[in-house]
Amino acid sequence: FEVGDINWLRWHPVANVLFCGTADSEMWMWKIPSGDSKIFQGQGEKTECGTILADGKRAVCGYTDGSIRLFDLKTGSTVNTFSKGLAHLDCVNSISEHLNNTLFISGSMDGTAKLWNSSSGKPVGTLLCGPREEENSASSVECAVFPPDKASTYCVTGTLDGVVTVWDTPTQISRHACKVGEGVSKVSVHPYDPLVYASTLEGAVKCLDLRTGNAVAEFTGHEATILDFSFSSSGCDIVTS
């Protein structure tokens, strides 16, 4: 297969299906190992991020113009489209789904993270992540995630100014905020323990207590920015790059 420059890759949560988003506004879906494929078209902007919702039947993509599209994986049709301004004012950097299948969250260069109802597609809240608590700020949200727990009422954001914030999802109130470095490239919640991990532009991974926001540990060794990291299936190890 020949596709445009690949910006992200995701596996389907339960099936042997691989997804990728490209710089030419497409999301590709491949069945493995048959190689059967399907293309989901955007509107010309780069597909910067994407995820598969917990029901395994829909996908959400974020684009560099601040728009978001919700796709039906079976039919290939667009379920909802939120154009620039209705979604975000700048590039969508991150999209993550809640395991209860009712919410997804998007993080943007405009300094906000937005909560969306995944059934209706309607926005249900806006998290103002910068110190000034305003839209279109310089505090780009590089990553926004939910804990891997269906009952969780928290979400976590990491910004380019180095702040990790734990939010109460129902009230959209900040519970804890911690400066972890000069900039955050990714945040992820541990699969089993109430811990938040954040990679930084300085090449470290910081570990915080999800419940208190206190620093727990720091992992070093890189001499440049960590772009990505992942937990082992046991949750005992982290792989960084």
# chains A, B, ... in the order shown; residues from 1 in each chain; ligands from 1
call {"tool": "residues_around", "arguments": {"residues": "A:Leu127", "least_positions_apart": "4", "cutoff": "7 Å", "atoms": "only C-alpha atoms", "output": "VMD selection string"}}
result
chain A and resid 112 to 114 172
call {"tool": "write_last_selection", "arguments": {"atoms": "all heavy atoms", "output": "JSON list (two decimals), in the first residue's frame"}}
result
[["chain", "number", "residue", "atom", "x", "y", "z"],
["A", 112, "THR", "N", -7.06, 24.40, 24.80],
["A", 112, "THR", "CA", -8.25, 23.81, 25.41],
["A", 112, "THR", "C", -8.30, 22.31, 25.16],
["A", 112, "THR", "O", -7.72, 21.79, 24.20],
["A", 112, "THR", "CB", -9.56, 24.41, 24.86],
["A", 112, "THR", "OG1", -9.75, 23.99, 23.49],
["A", 112, "THR", "CG2", -9.53, 25.92, 24.93],
["A", 113, "ALA", "N", -9.00, 21.62, 26.05],
["A", 113, "ALA", "CA", -9.41, 20.24, 25.82],
["A", 113, "ALA", "C", -10.93, 20.25, 25.90],
["A", 113, "ALA", "O", -11.51, 20.91, 26.77],
["A", 113, "ALA", "CB", -8.82, 19.30, 26.86],
["A", 114, "LYS", "N", -11.58, 19.54, 24.99],
["A", 114, "LYS", "CA", -13.04, 19.54, 24.96],
["A", 114, "LYS", "C", -13.58, 18.12, 25.15],
["A", 114, "LYS", "O", -13.03, 17.16, 24.60],
["A", 114, "LYS", "CB", -13.55, 20.14, 23.66],
["A", 114, "LYS", "CG", -13.23, 21.63, 23.54],
["A", 114, "LYS", "CD", -14.04, 22.33, 22.46],
["A", 114, "LYS", "CE", -13.77, 23.83, 22.48],
["A", 114, "LYS", "NZ", -14.62, 24.57, 21.52],
["A", 172, "GLN", "N", -15.79, 19.55, 35.37],
["A", 172, "GLN", "CA", -14.74, 20.24, 34.59],
["A", 172, "GLN", "C", -13.88, 21.15, 35.47],
["A", 172, "GLN", "O", -13.44, 22.22, 35.03],
["A", 172, "GLN", "CB", -15.34, 21.02, 33.43],
["A", 172, "GLN", "CG", -15.88, 20.14, 32.32],
["A", 172, "GLN", "CD", -17.37, 20.25, 32.17],
["A", 172, "GLN", "OE1", -17.90, 21.34, 31.99],
["A", 172, "GLN", "NE2", -18.07, 19.13, 32.21]]
call {"tool": "residues_around", "arguments": {"residues": "A:Thr159", "least_positions_apart": "6", "cutoff": "6 Å", "atoms": "only C-alpha atoms", "output": "number ranges by chain"}}
result
A: 139-142, 184
call {"tool": "closest_atom_pairs", "arguments": {"of": "stretch 67-179 of chain A", "to": "stretch 24-44 of chain A", "cutoff": "12 Å", "atoms": "only C-alpha atoms", "output": "tab-separated table"}}
result
residue	atom	partner	partner_atom	distance
A:Ser67	CA	A:Gln43	CA	9.6
A:Ile68	CA	A:Gly42	CA	9.4
A:Arg69	CA	A:Gly42	CA	7.8
A:Leu70	CA	A:Phe40	CA	10.2
A:Phe71	CA	A:Phe40	CA	7.7
A:Asp72	CA	A:Phe40	CA	9.4
A:Leu73	CA	A:Phe40	CA	8.7
A:Lys74	CA	A:Lys38	CA	9.7
A:Thr75	CA	A:Lys38	CA	9.9
A:Gly76	CA	A:Phe40	CA	6.2
A:Ser77	CA	A:Phe40	CA	7.8
A:Thr78	CA	A:Phe40	CA	8.4
A:Val79	CA	A:Phe40	CA	11.7
A:Asn80	CA	A:Gly42	CA	11.8
A:Thr81	CA	A:Gly42	CA	9.7
A:Phe82	CA	A:Gln43	CA	11.5
A:Ser83	CA	A:Gln43	CA	10.0
A:Lys84	CA	A:Gln43	CA	11.7
call {"tool": "write_last_selection", "arguments": {"atoms": "C-alpha atoms", "output": "short mmCIF file (atom, residue, chain, number, x, y, z; two decimals), in the first residue's frame"}}
result
data_model
loop_
_atom_site.label_atom_id
_atom_site.label_comp_id
_atom_site.auth_asym_id
_atom_site.auth_seq_id
_atom_site.Cartn_x
_atom_site.Cartn_y
_atom_site.Cartn_z
CA SER A 67 -11.97 20.24 12.97
CA ILE A 68 -13.14 16.80 14.18
CA ARG A 69 -14.90 14.03 12.25
CA LEU A 70 -16.74 10.99 13.62
CA PHE A 71 -16.87 7.97 11.25
CA ASP A 72 -18.99 4.83 11.08
CA LEU A 73 -16.48 2.03 10.46
CA LYS A 74 -18.96 -0.36 8.83
CA THR A 75 -20.46 2.02 6.28
CA GLY A 76 -17.49 4.37 5.93
CA SER A 77 -19.82 7.34 6.28
CA THR A 78 -19.26 10.48 8.34
CA VAL A 79 -21.56 10.54 11.37
CA ASN A 80 -20.64 14.03 12.60
CA THR A 81 -18.39 16.84 11.43
CA PHE A 82 -17.33 19.75 13.61
CA SER A 83 -15.57 22.42 11.61
CA LYS A 84 -12.92 24.86 12.82
#
call {"tool": "closest_residue", "arguments": {"among": "A:Met109, A:Ala151, A:Leu195, A:Ala217", "to": "A:Gly235", "atoms": "only C-alpha atoms"}}
result
A:Leu195
call {"tool": "residues_around", "arguments": {"residues": "A:Leu89", "least_positions_apart": "4", "cutoff": "9 Å", "atoms": "only C-alpha atoms", "output": "JSON, numbers by chain"}}
result
{"A": [65, 66, 67, 84, 85, 108, 109, 110, 135, 136]}
call {"tool": "residues_around", "arguments": {"residues": "A:Gly162", "least_positions_apart": "6", "cutoff": "8 Å", "atoms": "only C-alpha atoms", "output": "list in words"}}
result
Lys179, Val180, Gly181, Glu182, Gly183, Val184 and Thr200 of chain A
call {"tool": "select_by_dssp", "arguments": {"residues": "stretch 38-233 of chain A", "states": "strand (DSSP E or B)", "output": "PyMOL selection string"}}
result
chain A and resi 38-41+47-52+58-63+68-72+78-82+92-97+103-108+112-117+123-128+141-145+154-159+163-168+173-179+184-189+195-200+205-209+215-219+229-231
call {"tool": "atom_distance", "arguments": {"atom1": "atom CA of A:Asn100", "atom2": "atom CA of A:Thr64"}}
result
27.4 Å
call {"tool": "residues_around", "arguments": {"residues": "A:Asp228", "least_positions_apart": "6", "cutoff": "8 Å", "atoms": "only C-alpha atoms", "output": "number ranges by chain"}}
result
A: 185-186, 199, 240-241
call {"tool": "closest_residue", "arguments": {"among": "A:Ser94, A:Trp167, A:Ala59, A:Glu202", "to": "A:Ala224", "atoms": "only C-alpha atoms"}}
result
A:Glu202
call {"tool": "closest_residue", "arguments": {"among": "A:Ser234, A:Trp116, A:Val205, A:Asp168", "to": "A:His222", "atoms": "only C-alpha atoms"}}
result
A:Val205
call {"tool": "closest_residue", "arguments": {"among": "A:Thr102, A:Ser118, A:Asn214, A:Thr47", "to": "A:Ser152", "atoms": "only C-alpha atoms"}}
result
A:Thr102
call {"tool": "residues_around", "arguments": {"residues": "A:Val187", "least_positions_apart": "3", "cutoff": "8 Å", "atoms": "only C-alpha atoms", "output": "PDB file with all heavy atoms, in the first residue's frame"}}
result
ATOM      1  N   CYS A 143      -1.578  16.394  24.833  1.00  0.00           N
ATOM      2  CA  CYS A 143      -2.194  15.089  25.075  1.00  0.00           C
ATOM      3  C   CYS A 143      -3.332  15.240  26.075  1.00  0.00           C
ATOM      4  O   CYS A 143      -3.226  16.005  27.040  1.00  0.00           O
ATOM      5  CB  CYS A 143      -1.149  14.112  25.609  1.00  0.00           C
ATOM      6  SG  CYS A 143      -1.618  12.385  25.484  1.00  0.00           S
ATOM      7  N   ALA A 144      -4.428  14.515  25.832  1.00  0.00           N
ATOM      8  CA  ALA A 144      -5.576  14.504  26.738  1.00  0.00           C
ATOM      9  C   ALA A 144      -6.123  13.086  26.766  1.00  0.00           C
ATOM     10  O   ALA A 144      -6.426  12.514  25.714  1.00  0.00           O
ATOM     11  CB  ALA A 144      -6.647  15.483  26.266  1.00  0.00           C
ATOM     12  N   VAL A 145      -6.219  12.500  27.964  1.00  0.00           N
ATOM     13  CA  VAL A 145      -6.582  11.084  28.077  1.00  0.00           C
ATOM     14  C   VAL A 145      -7.535  10.856  29.249  1.00  0.00           C
ATOM     15  O   VAL A 145      -7.631  11.671  30.172  1.00  0.00           O
ATOM     16  CB  VAL A 145      -5.340  10.196  28.267  1.00  0.00           C
ATOM     17  CG1 VAL A 145      -4.391  10.312  27.085  1.00  0.00           C
ATOM     18  CG2 VAL A 145      -4.617  10.528  29.569  1.00  0.00           C
ATOM     19  N   VAL A 156      -7.064  13.621  32.126  1.00  0.00           N
ATOM     20  CA  VAL A 156      -5.750  14.204  32.362  1.00  0.00           C
ATOM     21  C   VAL A 156      -5.276  14.909  31.098  1.00  0.00           C
ATOM     22  O   VAL A 156      -5.430  14.378  29.991  1.00  0.00           O
ATOM     23  CB  VAL A 156      -4.721  13.122  32.757  1.00  0.00           C
ATOM     24  CG1 VAL A 156      -3.376  13.767  33.106  1.00  0.00           C
ATOM     25  CG2 VAL A 156      -5.220  12.289  33.928  1.00  0.00           C
ATOM     26  N   THR A 157      -4.714  16.095  31.263  1.00  0.00           N
ATOM     27  CA  THR A 157      -4.141  16.827  30.133  1.00  0.00           C
ATOM     28  C   THR A 157      -2.672  17.138  30.403  1.00  0.00           C
ATOM     29  O   THR A 157      -2.251  17.289  31.554  1.00  0.00           O
ATOM     30  CB  THR A 157      -4.883  18.151  29.875  1.00  0.00           C
ATOM     31  OG1 THR A 157      -4.821  18.974  31.060  1.00  0.00           O
ATOM     32  CG2 THR A 157      -6.336  17.906  29.507  1.00  0.00           C
ATOM     33  N   GLY A 158      -1.904  17.224  29.317  1.00  0.00           N
ATOM     34  CA  GLY A 158      -0.512  17.655  29.396  1.00  0.00           C
ATOM     35  C   GLY A 158      -0.275  18.740  28.366  1.00  0.00           C
ATOM     36  O   GLY A 158      -0.708  18.615  27.218  1.00  0.00           O
ATOM     37  N   VAL A 164       0.938  19.124  33.881  1.00  0.00           N
ATOM     38  CA  VAL A 164      -0.009  18.002  33.854  1.00  0.00           C
ATOM     39  C   VAL A 164      -1.145  18.333  34.810  1.00  0.00           C
ATOM     40  O   VAL A 164      -0.906  18.674  35.976  1.00  0.00           O
ATOM     41  CB  VAL A 164       0.672  16.682  34.272  1.00  0.00           C
ATOM     42  CG1 VAL A 164      -0.359  15.569  34.405  1.00  0.00           C
ATOM     43  CG2 VAL A 164       1.739  16.298  33.257  1.00  0.00           C
ATOM     44  N   VAL A 184       5.395  19.013  27.928  1.00  0.00           N
ATOM     45  CA  VAL A 184       4.909  17.630  27.975  1.00  0.00           C
ATOM     46  C   VAL A 184       4.633  17.162  26.550  1.00  0.00           C
ATOM     47  O   VAL A 184       3.981  17.860  25.773  1.00  0.00           O
ATOM     48  CB  VAL A 184       3.625  17.532  28.823  1.00  0.00           C
ATOM     49  CG1 VAL A 184       3.030  16.128  28.747  1.00  0.00           C
ATOM     50  CG2 VAL A 184       3.914  17.903  30.271  1.00  0.00           C
ATOM     51  N   VAL A 196      -0.172   8.633  37.002  1.00  0.00           N
ATOM     52  CA  VAL A 196      -0.097   9.308  35.711  1.00  0.00           C
ATOM     53  C   VAL A 196       1.373   9.434  35.323  1.00  0.00           C
ATOM     54  O   VAL A 196       2.202   9.858  36.133  1.00  0.00           O
ATOM     55  CB  VAL A 196      -0.721  10.716  35.778  1.00  0.00           C
ATOM     56  CG1 VAL A 196      -0.610  11.416  34.427  1.00  0.00           C
ATOM     57  CG2 VAL A 196      -2.168  10.634  36.215  1.00  0.00           C
ATOM     58  N   TYR A 197       1.690   9.067  34.087  1.00  0.00           N
ATOM     59  CA  TYR A 197       3.046   9.197  33.569  1.00  0.00           C
ATOM     60  C   TYR A 197       3.056  10.266  32.478  1.00  0.00           C
ATOM     61  O   TYR A 197       2.138  10.327  31.651  1.00  0.00           O
ATOM     62  CB  TYR A 197       3.550   7.876  33.003  1.00  0.00           C
ATOM     63  CG  TYR A 197       3.824   6.831  34.062  1.00  0.00           C
ATOM     64  CD1 TYR A 197       2.784   6.148  34.678  1.00  0.00           C
ATOM     65  CD2 TYR A 197       5.122   6.538  34.446  1.00  0.00           C
ATOM     66  CE1 TYR A 197       3.031   5.194  35.656  1.00  0.00           C
ATOM     67  CE2 TYR A 197       5.385   5.580  35.426  1.00  0.00           C
ATOM     68  CZ  TYR A 197       4.334   4.917  36.023  1.00  0.00           C
ATOM     69  OH  TYR A 197       4.581   3.971  37.003  1.00  0.00           O
ATOM     70  N   ALA A 198       4.094  11.094  32.499  1.00  0.00           N
ATOM     71  CA  ALA A 198       4.211  12.169  31.506  1.00  0.00           C
ATOM     72  C   ALA A 198       5.628  12.209  30.972  1.00  0.00           C
ATOM     73  O   ALA A 198       6.596  12.249  31.746  1.00  0.00           O
ATOM     74  CB  ALA A 198       3.855  13.513  32.132  1.00  0.00           C
ATOM     75  N   SER A 199       5.771  12.194  29.636  1.00  0.00           N
ATOM     76  CA  SER A 199       7.088  12.352  29.022  1.00  0.00           C
ATOM     77  C   SER A 199       7.310  13.823  28.711  1.00  0.00           C
ATOM     78  O   SER A 199       6.369  14.566  28.413  1.00  0.00           O
ATOM     79  CB  SER A 199       7.194  11.502  27.762  1.00  0.00           C
ATOM     80  OG  SER A 199       6.170  11.818  26.834  1.00  0.00           O
TER      81      SER A 199
END
call {"tool": "atom_distance", "arguments": {"atom1": "atom CA of A:Thr51", "atom2": "atom CA of A:Leu9"}}
result
8.9 Å
